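To start, the structure itself, in structure tokens.
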Amino acid sequence: MPRVRIDRDRCKGCGLCVNNCPQSVLEMSKEINAKGYFYSSPVRQHHCIGCRICAIVCPDVAIEVAVNGIQYHYFAY
Ligand code: SF4
Ligand code: SF4
């Protein structure tokens with residue numbers, strides 16, 4: 001099953017990942033991160049299809065997706 005991981009302290013709360021996920025996996029948290037932003041959180045992880053759209057659209061490369069044992073790293077960009 002695909003796994004989504006969000007580095008919450010890199011998130012600036014823009015909502016792009018939430019708005020572009022075709023499976024409505026992500027939602028904005030009601031808590032704030034170290035920068036003072038509401039951050040994205042994978043609240044319906046089990047609905048994830050591993051498409052990586054969330055990771056690709058994130059302007060702050062705060063999202064990693066693992067699909068079929070392959071970890072797609074975007075944090076290092
Ligand atoms: S990988 Fe695709 S389905 Fe999974 S959370 Fe990201 S956008 Fe949604
Ligand atoms: S696209 Fe990136 S910066 Fe924007 S809410 Fe999602 S994780 Fe945060």
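Numbering starts fresh at 1 for the residues of each chain in the structure tokens, the chains themselves are lettered A, B, ... in the order given, and ligands are numbered from 1 as they appear.
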Chain A: which residues are strand (DSSP E) by DSSP, as number ranges by chain? A: 3-6, 26-32, 38-42, 63-67, 70-72
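Using only C-alpha atoms, the protein and nucleic acid residues lying no more than 9 Å from segment 23-28 of chain A, apart from those fewer than 6 places from it along its own chain, are Gly13, Gly15, Cys17, Phe38, Tyr39, Ser40, Ser41, Pro42, Val43, Arg44, Gln45, His46, His47, Cys48, Ile49 and Cys54 of chain A.
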Which residues of chain A come within 12 Å of ligand 2, and what is each one's closest atom pair and distance in Å (one decimal), counting only C-alpha atoms and all ligand atoms, sorted by chain and residue number, as a tab-separated table?
residue	atom	partner	partner_atom_place_in_ligand_line	distance
A:Val4	CA	ligand 2	7 (S)	10.6
A:Arg5	CA	ligand 2	7 (S)	9.4
A:Ile6	CA	ligand 2	7 (S)	6.3
A:Asp7	CA	ligand 2	7 (S)	7.4
A:Arg8	CA	ligand 2	7 (S)	7.1
A:Asp9	CA	ligand 2	8 (Fe)	8.8
A:Arg10	CA	ligand 2	3 (S)	6.8
A:Cys11	CA	ligand 2	8 (Fe)	3.6
A:Lys12	CA	ligand 2	3 (S)	4.4
A:Gly13	CA	ligand 2	5 (S)	3.9
A:Cys14	CA	ligand 2	4 (Fe)	3.9
A:Gly15	CA	ligand 2	5 (S)	3.8
A:Leu16	CA	ligand 2	1 (S)	4.3
A:Cys17	CA	ligand 2	1 (S)	4.2
A:Val18	CA	ligand 2	6 (Fe)	6.2
A:Asn19	CA	ligand 2	6 (Fe)	8.7
A:Asn20	CA	ligand 2	1 (S)	8.9
A:Cys21	CA	ligand 2	6 (Fe)	9.9
A:Val25	CA	ligand 2	6 (Fe)	11.5
A:Leu26	CA	ligand 2	6 (Fe)	8.4
A:Glu27	CA	ligand 2	5 (S)	8.6
A:Met28	CA	ligand 2	5 (S)	7.1
A:Ser29	CA	ligand 2	5 (S)	9.6
A:Ile32	CA	ligand 2	8 (Fe)	11.4
A:Asn33	CA	ligand 2	8 (Fe)	10.4
A:Lys35	CA	ligand 2	8 (Fe)	11.4
A:Tyr37	CA	ligand 2	8 (Fe)	8.7
A:Phe38	CA	ligand 2	5 (S)	8.0
A:Tyr39	CA	ligand 2	8 (Fe)	5.6
A:Ser40	CA	ligand 2	5 (S)	4.9
A:Ser41	CA	ligand 2	7 (S)	7.9
A:Pro42	CA	ligand 2	7 (S)	9.8
A:Arg52	CA	ligand 2	1 (S)	11.6
A:Ile53	CA	ligand 2	1 (S)	9.8
A:Cys54	CA	ligand 2	1 (S)	6.6
A:Ala55	CA	ligand 2	1 (S)	7.3
A:Ile56	CA	ligand 2	1 (S)	8.5
A:Val57	CA	ligand 2	1 (S)	6.0
A:Cys58	CA	ligand 2	1 (S)	3.5
A:Pro59	CA	ligand 2	2 (Fe)	5.8
A:Asp60	CA	ligand 2	3 (S)	5.2
A:Val61	CA	ligand 2	2 (Fe)	6.2
A:Ala62	CA	ligand 2	7 (S)	5.1
A:Ile63	CA	ligand 2	7 (S)	5.9
A:Glu64	CA	ligand 2	7 (S)	9.6
A:Val65	CA	ligand 2	7 (S)	11.8
A:Tyr74	CA	ligand 2	2 (Fe)	11.0
A:Phe75	CA	ligand 2	2 (Fe)	10.9
Tell me which of A:Pro22, A:Gly69, A:Gly36, A:Gly50 sits closest to Pro2 of chain A, counting only C-alpha atoms.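 Counting only C-alpha atoms, the residue closest to Pro2 of chain A is A:Gly50.
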Which of chain A end up as alpha helix (DSSP H) when DSSP is run on this backbone - answer as a VMD selection string? chain A and resid 16 to 20 53 to 57
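Using only C-alpha atoms and all ligand atoms for every distance, the candidate list A:Ala34, A:Cys51, A:Ala66, A:Met1 yields A:Cys51 as the residue closest to ligand 1.
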